[in-house]
Amino acid sequence: MEWFKKAKDGLTRQEKKEIPDGLWSKCSSCGEIIYTRQLESNFWVCPNCKYHFRITSRKYIKIILDKGELEEYDANLESMDPLKFKDSKKYTDRIKAAQAKSGLKDAVICGIGLIDSIKVSFAIMDFDFIGGSMGSVVGEKIARAIERAIRHDMPLIIVSCSGGARMQESILSLMQMAKTSALLAVLAEKKLPYLSVLTNPTTAGVMASYASLGDVIIAEPKALLGFAGPRVIQQTIGQDLPPGFQSSEFFLEKGFLDKIVDRSQLRDTIILLLKYFQR
Amino acid sequence: MQERLSLDFEKPILELEKKISDMRDFAAGANIDMNGEIISIQTKMNKLREEIFSSLTRWQKVQLSRHPRRPHSSDYIELMTADYMELHGDRCFADDKALVGGFAKIDGKPVLIIGQQKGRDTKQKLYRNFGMMHPEGYRKALRLFRLAEKFEKPIVILIDTPGAFPGIGAEERGQAEAIAKNIREMSVLKVPIIIIIIGEGASGGALGLGIGDRIYMLEYSWYSVISPEGCAAILWRDAAMAPQAAEALKLTSEDLLELGIVDKIIKEPPGGAHNDYKEMAGNLKKEIIETLTELEKVPVDELLQKRLEKFRGMGVYREQEE
């Protein structure tokens with residue numbers, strides 16, 4: 001059985017070739033290897049299969065807003081761990097780790113930006129921060145973004161990306177759904193437009209509050225949307241879920257989305273909608 | 001029956017209860033006076049109950065909220081109101097059996113009263129879908145709320161759900177949209193709304209009926225962003241860690257009063273609501289009447305402004321100066 005033995009000599013371990021980090025990206029849907037610069041100019045969408053890479057909030061700002069700029073507000077809000085929550089890890093440690101990983105204070109960036117010179121109150125969530133989950137900080141910043149729209153008579157745009165309410169703040173997280181949705185009722189009374197943009201994923205507490213309350217709701221292709229997570233549903237009903245269940249395409253078909261928009265068309269779609277809603 | 005439908009930590013109390021009833025039977029049969037002995041065991045039992053119930057863990061309180069004999073919405077409606085007329089359907093899809101509601105009189109005052117409804121036996125539990133609503137339930141509620149608003153009747157809401165139903169039909173018909181819309185619309189309904197958590201208050205399933213001017217909790221009810229089992233399954237990757245999750249989630253009436261989320265805790269009879277339906281319903285009815293009287297005096301604009309401010313102020317964060 002000589003030929004199955006690895007020759008001890010002759011073959012030496014070679015150092016892995018150093019590829020500068022991020023020069024090439026692999027599509028997690030079709031496996032295509034893409035030159036990262038090309039991917040970026042393609043709005044982080046796979047040129048081969050149209051898979052929309054999950055991107056950071058900063059990248060969305062670049063894609064959607066004039067000059068890729070946002071005048072940020074409320075950047076100094078931070079979570080306080082009011083419940084002293086601890087599971088396998090302390091909540092405070094999770095926050096620190098998320099801050100280090102994402103360079104953000106919490107899971108949403110808010111401010112005022114221009115889209116085709118139209119001033120808007122803009123909020124963009126970030127999945128890199130504890131799954132984009134909504135605790136007191138996210139709720140407060142979204143609330144202030146809504147109030148800013150009301151105060152300055154601006155349209156509101158929220159780009160959602162979130163697994164839902166943040167468990168580590170328990171009831172306080174749940175009440176952020178109430179806080180934000182109640183203020184959206186005030187916004188609606190002022191007849192100011194609210195565009196809700198759903199990205200992969202937007203589920204649970206965020207989907208069951210402001211994300212579902214847009215005057216127009218648009219979603220990126222093949223995003224996971226819905227109230228309950230697919231695993232929970234599967235466990236509850238004890239059978240496999242139909243293919244494509246809870247995707248953007250599914251909810252468009254069921255009548256809960258206005259439109260599915262490729263990321264490359266996101267900015268232009270928002271501009272056109274804002275113009276239609278101008279008085 | 002009692003033996004089977006009881007919690008472990010209740011057992012020592014129930015044993016003494018049984019002893020008392022046995023002694024009563026024996027005394028009556030043998031025609032002898034055993035009052036002295038009975039009273040001494042009763043005192044012992046009350047003391048024991050006080051001991052057990054004064055140091056309940058959060059998980060034990062969760063268990064009490066799900067007690068097999070715990071009163072449900074329909075029990076309270078029956079015991080607190082007169083001339084109750086149940087109304088059905090969302091006018092879109094179906095009548096959700098996990099939610100009951102209609103107009104009724106409390107102390108002569110007409111109100112809309114609705115509640116999430118659980119079943120007692122297996123058949124009823126299935127019929128009521130274990131108190132887990134579908135979108136049509138939230139839409140039925142909103143239809144009834146609008147009716148109450150139109151005819152200027154206050155709204156009383158009883159919350160008791162392990163969560164909104166996670167299923168294919170629920171997603172297809174927009175569970176998230178139905179809940180979100182209710183939250184927004186309830187915040188501007190022009191009539192007084194009283195919310196009472198009578199048992200379980202799980203997540204968006206509870207919040208979809210949970211916006212109002214006052215939020216009360218029964219002593220042994222809970223209210224949280226997720227059930228202890230759900231939280232344990234996600235964060236501990238083991239649903240059996242639910243007792244630990246219940247501790248971490250700070251979900252009891254005392255916790256929520258301390259966090260400023262609820263306005264009041266409504267006391268339960270010794271040993272929990274299931275030990276005395278009448279007393280429990282009486283306590284609740286008294287609170288509802290007092291609160292309605294109070295809220296009816298508030299002008300609508302002020303009522304709505306305060307309702308908005310109530311939820312606007314919820315949340316704990318820190319903000320550093322630049």
# chains A, B, ... in the order shown; residues from 1 in each chain; ligands from 1
$ interface_residues --of "chain B" --to "chain A" --cutoff "8 Å" --atoms "only C-alpha atoms" --output "ChimeraX atom specification"
/B:166-168,171-181,183-185,187-188,203-204,207,211,223-226,231,235-236,245,248-251,256,261,308,311-322
$ select_by_dssp --residues "segment 192-318 of chain B" --states "strand (DSSP E or B)" --output "list in words"
Ile193, Ile194, Ile195, Ile196, Ile197, Ile198, Gly199, Glu200, Gly201, Ala202, Arg214, Ile215, Tyr216, Met217, Leu218, Trp222, Tyr223, Ser224, Thr252, Lys264, Ile265, Ile266, Tyr317 and Arg318 of chain B
$ select_by_dssp --residues "segment 35-276 of chain A" --states "helix (DSSP H, G or I)" --output "compact mmCIF listing (two decimals) with N, CA, C and O atoms, in the first residue's frame"
# COMPACT_ATOMS: atom_id res chain seq x y z
N THR A 36 -13.08 42.60 -6.47
CA THR A 36 -13.87 43.39 -5.53
C THR A 36 -14.21 44.79 -6.06
O THR A 36 -15.31 45.29 -5.85
N ARG A 37 -13.27 45.39 -6.78
CA ARG A 37 -13.54 46.72 -7.34
C ARG A 37 -14.73 46.66 -8.31
O ARG A 37 -15.56 47.56 -8.34
N GLN A 38 -14.75 45.56 -9.06
CA GLN A 38 -15.84 45.39 -10.02
C GLN A 38 -17.17 45.21 -9.28
O GLN A 38 -18.21 45.76 -9.65
N LEU A 39 -17.08 44.44 -8.21
CA LEU A 39 -18.27 44.19 -7.38
C LEU A 39 -18.80 45.51 -6.82
O LEU A 39 -20.01 45.77 -6.82
N GLU A 40 -17.88 46.33 -6.35
CA GLU A 40 -18.27 47.62 -5.77
C GLU A 40 -18.97 48.50 -6.82
O GLU A 40 -20.02 49.08 -6.55
N SER A 41 -18.38 48.54 -8.02
CA SER A 41 -18.99 49.39 -9.05
C SER A 41 -20.32 48.80 -9.50
O SER A 41 -21.16 49.48 -10.10
N SER A 57 -24.03 49.70 6.49
CA SER A 57 -24.83 50.92 6.40
C SER A 57 -24.07 52.02 5.66
O SER A 57 -24.64 52.76 4.88
N ARG A 58 -22.76 52.09 5.90
CA ARG A 58 -21.95 53.13 5.24
C ARG A 58 -22.01 52.97 3.71
O ARG A 58 -22.03 53.96 2.98
N LYS A 59 -22.01 51.73 3.26
CA LYS A 59 -22.04 51.50 1.81
C LYS A 59 -23.40 51.93 1.23
O LYS A 59 -23.45 52.46 0.13
N TYR A 60 -24.47 51.68 1.96
CA TYR A 60 -25.79 52.12 1.48
C TYR A 60 -25.84 53.64 1.36
O TYR A 60 -26.44 54.19 0.44
N ILE A 61 -25.23 54.32 2.33
CA ILE A 61 -25.20 55.79 2.28
C ILE A 61 -24.54 56.23 0.98
O ILE A 61 -25.03 57.11 0.28
N LYS A 62 -23.43 55.57 0.64
CA LYS A 62 -22.71 55.90 -0.61
C LYS A 62 -23.58 55.65 -1.83
O LYS A 62 -23.54 56.39 -2.80
N ILE A 63 -24.35 54.57 -1.78
CA ILE A 63 -25.15 54.20 -2.96
C ILE A 63 -26.37 55.10 -3.13
O ILE A 63 -26.73 55.48 -4.24
N ILE A 64 -27.01 55.46 -2.00
CA ILE A 64 -28.32 56.12 -2.11
C ILE A 64 -28.24 57.65 -2.11
O ILE A 64 -28.95 58.32 -2.85
N ASP A 66 -26.88 61.69 -2.28
CA ASP A 66 -26.04 62.57 -3.10
C ASP A 66 -24.64 62.62 -2.51
O ASP A 66 -24.48 62.80 -1.31
N LYS A 67 -23.66 62.54 -3.35
CA LYS A 67 -22.23 62.56 -2.97
C LYS A 67 -21.89 61.47 -1.95
O LYS A 67 -20.82 61.50 -1.34
N GLY A 68 -22.80 60.56 -1.72
CA GLY A 68 -22.56 59.50 -0.74
C GLY A 68 -22.39 60.03 0.67
O GLY A 68 -21.67 59.45 1.48
N TYR A 91 -24.22 40.99 28.09
CA TYR A 91 -24.70 41.90 27.04
C TYR A 91 -23.68 43.02 26.80
O TYR A 91 -23.40 43.40 25.66
N THR A 92 -23.10 43.52 27.87
CA THR A 92 -22.11 44.61 27.72
C THR A 92 -20.92 44.15 26.87
O THR A 92 -20.40 44.92 26.07
N ASP A 93 -20.54 42.88 27.04
CA ASP A 93 -19.44 42.35 26.22
C ASP A 93 -19.86 42.21 24.76
O ASP A 93 -19.07 42.45 23.84
N ARG A 94 -21.11 41.80 24.55
CA ARG A 94 -21.60 41.70 23.17
C ARG A 94 -21.59 43.06 22.49
O ARG A 94 -21.25 43.18 21.32
N ILE A 95 -21.98 44.08 23.25
CA ILE A 95 -21.99 45.43 22.68
C ILE A 95 -20.58 45.86 22.31
O ILE A 95 -20.32 46.33 21.20
N LYS A 96 -19.65 45.63 23.25
CA LYS A 96 -18.25 46.01 22.99
C LYS A 96 -17.73 45.31 21.75
O LYS A 96 -17.09 45.92 20.89
N ALA A 97 -18.00 44.02 21.66
CA ALA A 97 -17.53 43.24 20.51
C ALA A 97 -18.15 43.76 19.21
O ALA A 97 -17.46 43.89 18.20
N ALA A 98 -19.45 44.06 19.28
CA ALA A 98 -20.14 44.56 18.08
C ALA A 98 -19.61 45.92 17.67
O ALA A 98 -19.44 46.21 16.49
N GLN A 99 -19.28 46.75 18.67
CA GLN A 99 -18.74 48.08 18.36
C GLN A 99 -17.37 47.95 17.70
O GLN A 99 -17.07 48.64 16.72
N ALA A 100 -16.58 47.02 18.22
CA ALA A 100 -15.25 46.81 17.65
C ALA A 100 -15.36 46.27 16.23
O ALA A 100 -14.64 46.70 15.32
N LYS A 101 -16.28 45.33 16.02
CA LYS A 101 -16.43 44.68 14.72
C LYS A 101 -16.96 45.65 13.66
O LYS A 101 -16.49 45.64 12.52
N SER A 102 -17.90 46.50 14.07
CA SER A 102 -18.62 47.31 13.07
C SER A 102 -18.14 48.75 13.01
O SER A 102 -18.42 49.45 12.05
N ILE A 130 -24.94 43.18 16.23
CA ILE A 130 -25.88 42.23 16.86
C ILE A 130 -27.09 41.96 15.96
O ILE A 130 -28.25 42.10 16.37
N GLY A 131 -26.80 41.60 14.73
CA GLY A 131 -27.86 41.22 13.79
C GLY A 131 -28.84 42.34 13.49
O GLY A 131 -29.99 42.09 13.15
N GLY A 132 -28.36 43.58 13.60
CA GLY A 132 -29.24 44.72 13.32
C GLY A 132 -30.40 44.82 14.30
O GLY A 132 -31.41 45.45 14.01
N SER A 136 -33.14 49.86 22.86
CA SER A 136 -33.52 51.24 23.17
C SER A 136 -32.84 52.26 22.25
O SER A 136 -33.45 53.24 21.86
N VAL A 137 -31.57 52.01 21.91
CA VAL A 137 -30.82 53.00 21.11
C VAL A 137 -31.38 53.08 19.70
O VAL A 137 -31.67 54.17 19.19
N VAL A 138 -31.58 51.92 19.07
CA VAL A 138 -32.14 51.92 17.72
C VAL A 138 -33.53 52.57 17.73
O VAL A 138 -33.83 53.44 16.90
N GLY A 139 -34.36 52.19 18.69
CA GLY A 139 -35.71 52.74 18.77
C GLY A 139 -35.68 54.25 18.94
O GLY A 139 -36.41 54.99 18.27
N GLU A 140 -34.80 54.73 19.82
CA GLU A 140 -34.72 56.17 20.08
C GLU A 140 -34.22 56.91 18.84
O GLU A 140 -34.75 57.97 18.49
N LYS A 141 -33.23 56.34 18.17
CA LYS A 141 -32.69 57.03 16.98
C LYS A 141 -33.70 57.06 15.84
O LYS A 141 -33.83 58.06 15.14
N ILE A 142 -34.44 55.97 15.66
CA ILE A 142 -35.49 55.95 14.64
C ILE A 142 -36.57 56.97 15.02
O ILE A 142 -37.06 57.73 14.18
N ALA A 143 -36.93 56.99 16.31
CA ALA A 143 -37.95 57.95 16.78
C ALA A 143 -37.51 59.37 16.46
O ALA A 143 -38.28 60.19 15.95
N ARG A 144 -36.24 59.66 16.74
CA ARG A 144 -35.74 61.02 16.47
C ARG A 144 -35.70 61.31 14.97
O ARG A 144 -35.91 62.45 14.56
N ALA A 145 -35.42 60.29 14.18
CA ALA A 145 -35.40 60.48 12.72
C ALA A 145 -36.81 60.84 12.23
O ALA A 145 -36.97 61.68 11.34
N ILE A 146 -37.82 60.19 12.82
CA ILE A 146 -39.20 60.50 12.45
C ILE A 146 -39.54 61.93 12.89
O ILE A 146 -40.10 62.72 12.13
N GLU A 147 -39.16 62.27 14.10
CA GLU A 147 -39.43 63.62 14.61
C GLU A 147 -38.70 64.69 13.80
O GLU A 147 -39.23 65.78 13.58
N ARG A 148 -37.51 64.35 13.33
CA ARG A 148 -36.73 65.28 12.50
C ARG A 148 -37.48 65.54 11.19
O ARG A 148 -37.54 66.67 10.71
N ALA A 149 -38.04 64.48 10.61
CA ALA A 149 -38.82 64.62 9.38
C ALA A 149 -40.01 65.55 9.62
O ALA A 149 -40.29 66.44 8.82
N ILE A 150 -40.67 65.35 10.76
CA ILE A 150 -41.84 66.18 11.08
C ILE A 150 -41.42 67.63 11.29
O ILE A 150 -42.01 68.56 10.75
N ARG A 151 -40.35 67.82 12.05
CA ARG A 151 -39.90 69.17 12.41
C ARG A 151 -39.48 69.95 11.18
O ARG A 151 -39.78 71.12 11.05
N HIS A 152 -38.76 69.30 10.27
CA HIS A 152 -38.24 70.00 9.10
C HIS A 152 -39.08 69.76 7.84
O HIS A 152 -38.64 70.10 6.75
N MET A 167 -33.21 40.91 22.19
CA MET A 167 -33.65 40.16 23.37
C MET A 167 -33.03 40.67 24.67
O MET A 167 -33.66 40.64 25.72
N GLN A 168 -31.79 41.15 24.57
CA GLN A 168 -31.07 41.53 25.79
C GLN A 168 -31.65 42.75 26.49
O GLN A 168 -31.24 43.08 27.59
N GLU A 169 -32.58 43.44 25.83
CA GLU A 169 -33.25 44.54 26.52
C GLU A 169 -34.74 44.24 26.72
O GLU A 169 -35.54 45.13 27.04
N SER A 170 -35.09 42.99 26.49
CA SER A 170 -36.43 42.46 26.77
C SER A 170 -37.56 43.44 26.48
O SER A 170 -37.70 43.93 25.38
N ILE A 171 -38.35 43.75 27.49
CA ILE A 171 -39.56 44.56 27.28
C ILE A 171 -39.24 45.95 26.72
O ILE A 171 -40.02 46.53 25.98
N LEU A 172 -38.06 46.47 27.07
CA LEU A 172 -37.70 47.79 26.56
C LEU A 172 -37.54 47.76 25.04
O LEU A 172 -37.92 48.70 24.34
N SER A 173 -37.00 46.66 24.53
CA SER A 173 -36.89 46.49 23.08
C SER A 173 -38.27 46.41 22.44
O SER A 173 -38.53 47.04 21.42
N LEU A 174 -39.13 45.62 23.07
CA LEU A 174 -40.49 45.46 22.52
C LEU A 174 -41.17 46.82 22.40
O LEU A 174 -41.85 47.12 21.42
N MET A 175 -40.97 47.65 23.41
CA MET A 175 -41.65 48.94 23.43
C MET A 175 -41.10 49.92 22.40
O MET A 175 -41.73 50.94 22.11
N GLN A 176 -39.94 49.62 21.83
CA GLN A 176 -39.43 50.47 20.74
C GLN A 176 -40.32 50.33 19.50
O GLN A 176 -40.43 51.25 18.70
N MET A 177 -40.95 49.17 19.36
CA MET A 177 -41.90 48.99 18.26
C MET A 177 -43.07 49.95 18.43
O MET A 177 -43.56 50.55 17.48
N ALA A 178 -43.50 50.09 19.68
CA ALA A 178 -44.63 50.98 19.99
C ALA A 178 -44.22 52.44 19.78
O ALA A 178 -44.93 53.23 19.16
N LYS A 179 -43.04 52.78 20.29
CA LYS A 179 -42.56 54.16 20.21
C LYS A 179 -42.45 54.63 18.77
O LYS A 179 -42.95 55.69 18.41
N THR A 180 -41.81 53.82 17.92
CA THR A 180 -41.59 54.22 16.53
C THR A 180 -42.90 54.25 15.75
O THR A 180 -43.17 55.19 15.01
N SER A 181 -43.73 53.23 15.95
CA SER A 181 -44.98 53.15 15.18
C SER A 181 -45.95 54.27 15.57
O SER A 181 -46.67 54.80 14.72
N ALA A 182 -45.96 54.63 16.86
CA ALA A 182 -46.84 55.71 17.31
C ALA A 182 -46.42 57.02 16.65
O ALA A 182 -47.27 57.81 16.22
N LEU A 183 -45.11 57.25 16.54
CA LEU A 183 -44.65 58.48 15.90
C LEU A 183 -44.94 58.47 14.40
O LEU A 183 -45.16 59.53 13.80
N LEU A 184 -44.96 57.30 13.80
CA LEU A 184 -45.30 57.22 12.37
C LEU A 184 -46.75 57.64 12.13
O LEU A 184 -47.09 58.14 11.05
N ALA A 185 -47.59 57.44 13.14
CA ALA A 185 -48.98 57.91 13.02
C ALA A 185 -49.00 59.44 12.94
O ALA A 185 -49.76 60.03 12.18
N VAL A 186 -48.12 60.08 13.71
CA VAL A 186 -48.03 61.54 13.67
C VAL A 186 -47.50 62.00 12.31
O VAL A 186 -48.02 62.93 11.70
N LEU A 187 -46.48 61.31 11.82
CA LEU A 187 -45.90 61.62 10.51
C LEU A 187 -46.98 61.52 9.43
O LEU A 187 -47.07 62.38 8.54
N ALA A 188 -47.79 60.48 9.52
CA ALA A 188 -48.84 60.27 8.52
C ALA A 188 -49.86 61.41 8.56
O ALA A 188 -50.31 61.87 7.51
N GLU A 189 -50.17 61.87 9.77
CA GLU A 189 -51.12 62.99 9.89
C GLU A 189 -50.58 64.26 9.24
O GLU A 189 -51.34 65.07 8.73
N ALA A 204 -39.31 39.90 12.15
CA ALA A 204 -39.78 39.99 13.54
C ALA A 204 -40.14 41.43 13.96
O ALA A 204 -40.89 42.09 13.26
N GLY A 205 -39.57 41.88 15.07
CA GLY A 205 -40.00 43.14 15.67
C GLY A 205 -39.85 44.36 14.78
O GLY A 205 -40.63 45.32 14.90
N VAL A 206 -38.88 44.36 13.89
CA VAL A 206 -38.72 45.50 12.98
C VAL A 206 -39.75 45.41 11.85
O VAL A 206 -40.39 46.38 11.50
N MET A 207 -39.94 44.19 11.34
CA MET A 207 -40.94 43.98 10.30
C MET A 207 -42.34 44.24 10.87
O MET A 207 -43.22 44.73 10.15
N TYR A 210 -42.09 49.59 12.24
CA TYR A 210 -41.95 50.63 11.21
C TYR A 210 -41.68 50.11 9.79
O TYR A 210 -42.11 50.71 8.82
N ALA A 211 -40.99 48.97 9.67
CA ALA A 211 -40.65 48.48 8.32
C ALA A 211 -41.90 48.20 7.49
O ALA A 211 -41.88 48.32 6.27
N SER A 212 -42.99 47.80 8.17
CA SER A 212 -44.24 47.47 7.46
C SER A 212 -45.15 48.66 7.27
O SER A 212 -46.25 48.51 6.76
N PRO A 230 -37.97 31.37 9.83
CA PRO A 230 -38.31 30.11 9.15
C PRO A 230 -38.15 28.89 10.06
O PRO A 230 -38.95 27.96 10.02
N ARG A 231 -37.12 28.92 10.93
CA ARG A 231 -36.89 27.75 11.79
C ARG A 231 -38.03 27.56 12.79
O ARG A 231 -38.47 26.46 13.06
N VAL A 232 -38.49 28.68 13.34
CA VAL A 232 -39.58 28.62 14.31
C VAL A 232 -40.85 28.07 13.64
O VAL A 232 -41.55 27.23 14.20
N ILE A 233 -41.12 28.56 12.42
CA ILE A 233 -42.31 28.10 11.71
C ILE A 233 -42.21 26.60 11.42
O ILE A 233 -43.14 25.84 11.66
N GLN A 234 -41.03 26.21 10.96
CA GLN A 234 -40.80 24.79 10.65
C GLN A 234 -41.04 23.90 11.87
O GLN A 234 -41.69 22.87 11.78
N GLN A 235 -40.52 24.36 13.01
CA GLN A 235 -40.70 23.59 14.25
C GLN A 235 -42.17 23.55 14.65
O GLN A 235 -42.66 22.53 15.14
N THR A 236 -42.88 24.66 14.46
CA THR A 236 -44.27 24.74 14.88
C THR A 236 -45.16 23.83 14.05
O THR A 236 -45.98 23.09 14.58
N ILE A 237 -44.99 23.90 12.72
CA ILE A 237 -45.90 23.13 11.86
C ILE A 237 -45.37 21.74 11.56
O ILE A 237 -46.10 20.89 11.09
N SER A 248 -38.65 38.19 -0.64
CA SER A 248 -39.27 39.41 -1.18
C SER A 248 -40.31 39.04 -2.23
O SER A 248 -41.42 39.58 -2.24
N GLU A 249 -39.94 38.09 -3.10
CA GLU A 249 -40.82 37.70 -4.21
C GLU A 249 -42.13 37.13 -3.67
O GLU A 249 -43.21 37.39 -4.21
N PHE A 250 -42.03 36.35 -2.58
CA PHE A 250 -43.21 35.77 -1.92
C PHE A 250 -44.13 36.88 -1.41
O PHE A 250 -45.35 36.87 -1.64
N PHE A 251 -43.56 37.87 -0.74
CA PHE A 251 -44.40 38.91 -0.15
C PHE A 251 -44.96 39.87 -1.20
O PHE A 251 -46.02 40.45 -1.01
N LEU A 252 -44.23 40.03 -2.32
CA LEU A 252 -44.77 40.82 -3.43
C LEU A 252 -46.03 40.13 -3.97
O LEU A 252 -47.07 40.75 -4.17
N GLU A 253 -45.90 38.83 -4.12
CA GLU A 253 -47.01 38.02 -4.63
C GLU A 253 -48.22 38.08 -3.69
O GLU A 253 -49.36 38.11 -4.13
N LYS A 254 -47.94 38.09 -2.38
CA LYS A 254 -49.03 38.08 -1.40
C LYS A 254 -49.60 39.48 -1.15
O LYS A 254 -50.53 39.65 -0.37
N ARG A 263 -30.57 46.66 -6.42
CA ARG A 263 -29.83 47.70 -5.70
C ARG A 263 -29.34 48.82 -6.64
O ARG A 263 -29.30 49.98 -6.26
N SER A 264 -29.03 48.43 -7.85
CA SER A 264 -28.54 49.43 -8.81
C SER A 264 -29.63 50.47 -9.13
O SER A 264 -29.33 51.57 -9.56
N GLN A 265 -30.87 50.10 -8.93
CA GLN A 265 -31.99 50.99 -9.25
C GLN A 265 -32.59 51.66 -8.01
O GLN A 265 -33.56 52.42 -8.10
N LEU A 266 -32.00 51.37 -6.85
CA LEU A 266 -32.59 51.81 -5.58
C LEU A 266 -32.69 53.34 -5.52
O LEU A 266 -33.75 53.91 -5.25
N ARG A 267 -31.57 53.99 -5.79
CA ARG A 267 -31.53 55.46 -5.71
C ARG A 267 -32.53 56.09 -6.68
O ARG A 267 -33.33 56.95 -6.30
N ASP A 268 -32.53 55.63 -7.92
CA ASP A 268 -33.42 56.22 -8.92
C ASP A 268 -34.90 55.98 -8.56
O ASP A 268 -35.74 56.85 -8.78
N THR A 269 -35.18 54.82 -8.03
CA THR A 269 -36.56 54.50 -7.63
C THR A 269 -37.01 55.44 -6.52
O THR A 269 -38.12 55.97 -6.54
N ILE A 270 -36.13 55.63 -5.53
CA ILE A 270 -36.47 56.52 -4.41
C ILE A 270 -36.70 57.95 -4.93
O ILE A 270 -37.68 58.61 -4.56
N ILE A 271 -35.83 58.40 -5.82
CA ILE A 271 -35.96 59.76 -6.37
C ILE A 271 -37.31 59.93 -7.06
O ILE A 271 -38.05 60.89 -6.81
N LEU A 272 -37.66 58.97 -7.89
CA LEU A 272 -38.91 59.07 -8.63
C LEU A 272 -40.11 59.11 -7.68
O LEU A 272 -41.02 59.93 -7.83
N LEU A 273 -40.08 58.24 -6.68
CA LEU A 273 -41.17 58.21 -5.70
C LEU A 273 -41.29 59.54 -4.96
O LEU A 273 -42.38 60.08 -4.78
N LEU A 274 -40.14 60.06 -4.53
CA LEU A 274 -40.15 61.33 -3.79
C LEU A 274 -40.75 62.43 -4.65
O LEU A 274 -41.50 63.27 -4.16
N LYS A 275 -40.43 62.40 -5.93
CA LYS A 275 -40.96 63.44 -6.82
C LYS A 275 -42.48 63.30 -7.00
O LYS A 275 -43.20 64.28 -7.04
N TYR A 276 -42.93 62.05 -7.08
CA TYR A 276 -44.38 61.84 -7.20
C TYR A 276 -45.11 62.35 -5.95
O TYR A 276 -46.25 62.77 -6.02
$ residues_around --residues "Ser29 of chain A" --least-positions-apart "5" --cutoff "10 Å" --atoms "only C-alpha atoms" --output "list in words"
Cys46, Asn48, Cys49, Lys50, Tyr51, His52 and Phe53 of chain A
$ write_last_selection --atoms "C-alpha atoms" --output "mmCIF file, in the first residue's frame"
data_model
loop_
_atom_site.group_PDB
_atom_site.id
_atom_site.type_symbol
_atom_site.label_atom_id
_atom_site.label_comp_id
_atom_site.auth_asym_id
_atom_site.auth_seq_id
_atom_site.Cartn_x
_atom_site.Cartn_y
_atom_site.Cartn_z
ATOM 1 C CA CYS A 46 -22.939 39.536 -8.246
ATOM 2 C CA ASN A 48 -23.179 36.495 -12.638
ATOM 3 C CA CYS A 49 -26.281 35.640 -10.573
ATOM 4 C CA LYS A 50 -27.535 39.020 -9.291
ATOM 5 C CA TYR A 51 -27.043 37.924 -5.689
ATOM 6 C CA HIS A 52 -27.172 41.006 -3.488
ATOM 7 C CA PHE A 53 -24.249 40.886 -1.064
#
$ residues_around --residues "Leu158 of chain B" --least-positions-apart "2" --cutoff "8 Å" --atoms "only C-alpha atoms" --output "compact mmCIF listing (two decimals) with N, CA, C and O atoms, in the first residue's frame"
# COMPACT_ATOMS: atom_id res chain seq x y z
N SER B 73 -59.69 34.95 29.44
CA SER B 73 -60.44 36.16 29.09
C SER B 73 -61.94 35.97 29.25
O SER B 73 -62.63 36.81 29.83
N ILE B 113 -64.99 45.21 25.06
CA ILE B 113 -64.01 44.40 25.78
C ILE B 113 -63.55 43.27 24.86
O ILE B 113 -64.37 42.58 24.26
N ILE B 114 -62.24 43.15 24.70
CA ILE B 114 -61.73 42.04 23.88
C ILE B 114 -60.60 41.35 24.63
O ILE B 114 -59.95 41.96 25.49
N GLY B 115 -60.38 40.10 24.32
CA GLY B 115 -59.32 39.37 25.01
C GLY B 115 -58.81 38.20 24.20
O GLY B 115 -59.55 37.59 23.42
N GLN B 116 -57.54 37.92 24.37
CA GLN B 116 -56.98 36.72 23.76
C GLN B 116 -57.47 35.52 24.55
O GLN B 116 -57.46 35.53 25.78
N VAL B 156 -61.50 48.01 26.64
CA VAL B 156 -60.78 47.23 27.65
C VAL B 156 -60.18 46.01 26.94
O VAL B 156 -60.90 45.29 26.25
N ASP B 160 -53.39 37.73 26.84
CA ASP B 160 -53.00 36.41 27.35
C ASP B 160 -52.59 35.54 26.17
O ASP B 160 -53.40 34.79 25.64
N ILE B 195 -55.25 48.47 29.02
CA ILE B 195 -54.66 47.18 28.69
C ILE B 195 -54.40 46.43 30.00
O ILE B 195 -53.83 47.00 30.93
N ILE B 196 -54.80 45.17 30.06
CA ILE B 196 -54.48 44.36 31.24
C ILE B 196 -53.84 43.05 30.79
O ILE B 196 -54.44 42.29 30.02
N ILE B 197 -52.62 42.80 31.26
CA ILE B 197 -51.98 41.51 30.99
C ILE B 197 -52.52 40.56 32.06
O ILE B 197 -52.21 40.72 33.24
N ILE B 198 -53.30 39.57 31.64
CA ILE B 198 -53.90 38.67 32.63
C ILE B 198 -53.12 37.37 32.79
O ILE B 198 -53.29 36.66 33.76
$ residues_around --residues "Ile39 of chain B" --least-positions-apart "3" --cutoff "12 Å" --atoms "only C-alpha atoms" --output "number ranges by chain"
B: 16-17, 19-21, 23-24, 33-36, 42-46
$ atom_distance --atom1 "atom CA of Leu156 of chain A" --atom2 "atom CA of Leu65 of chain A"
13.1 Å
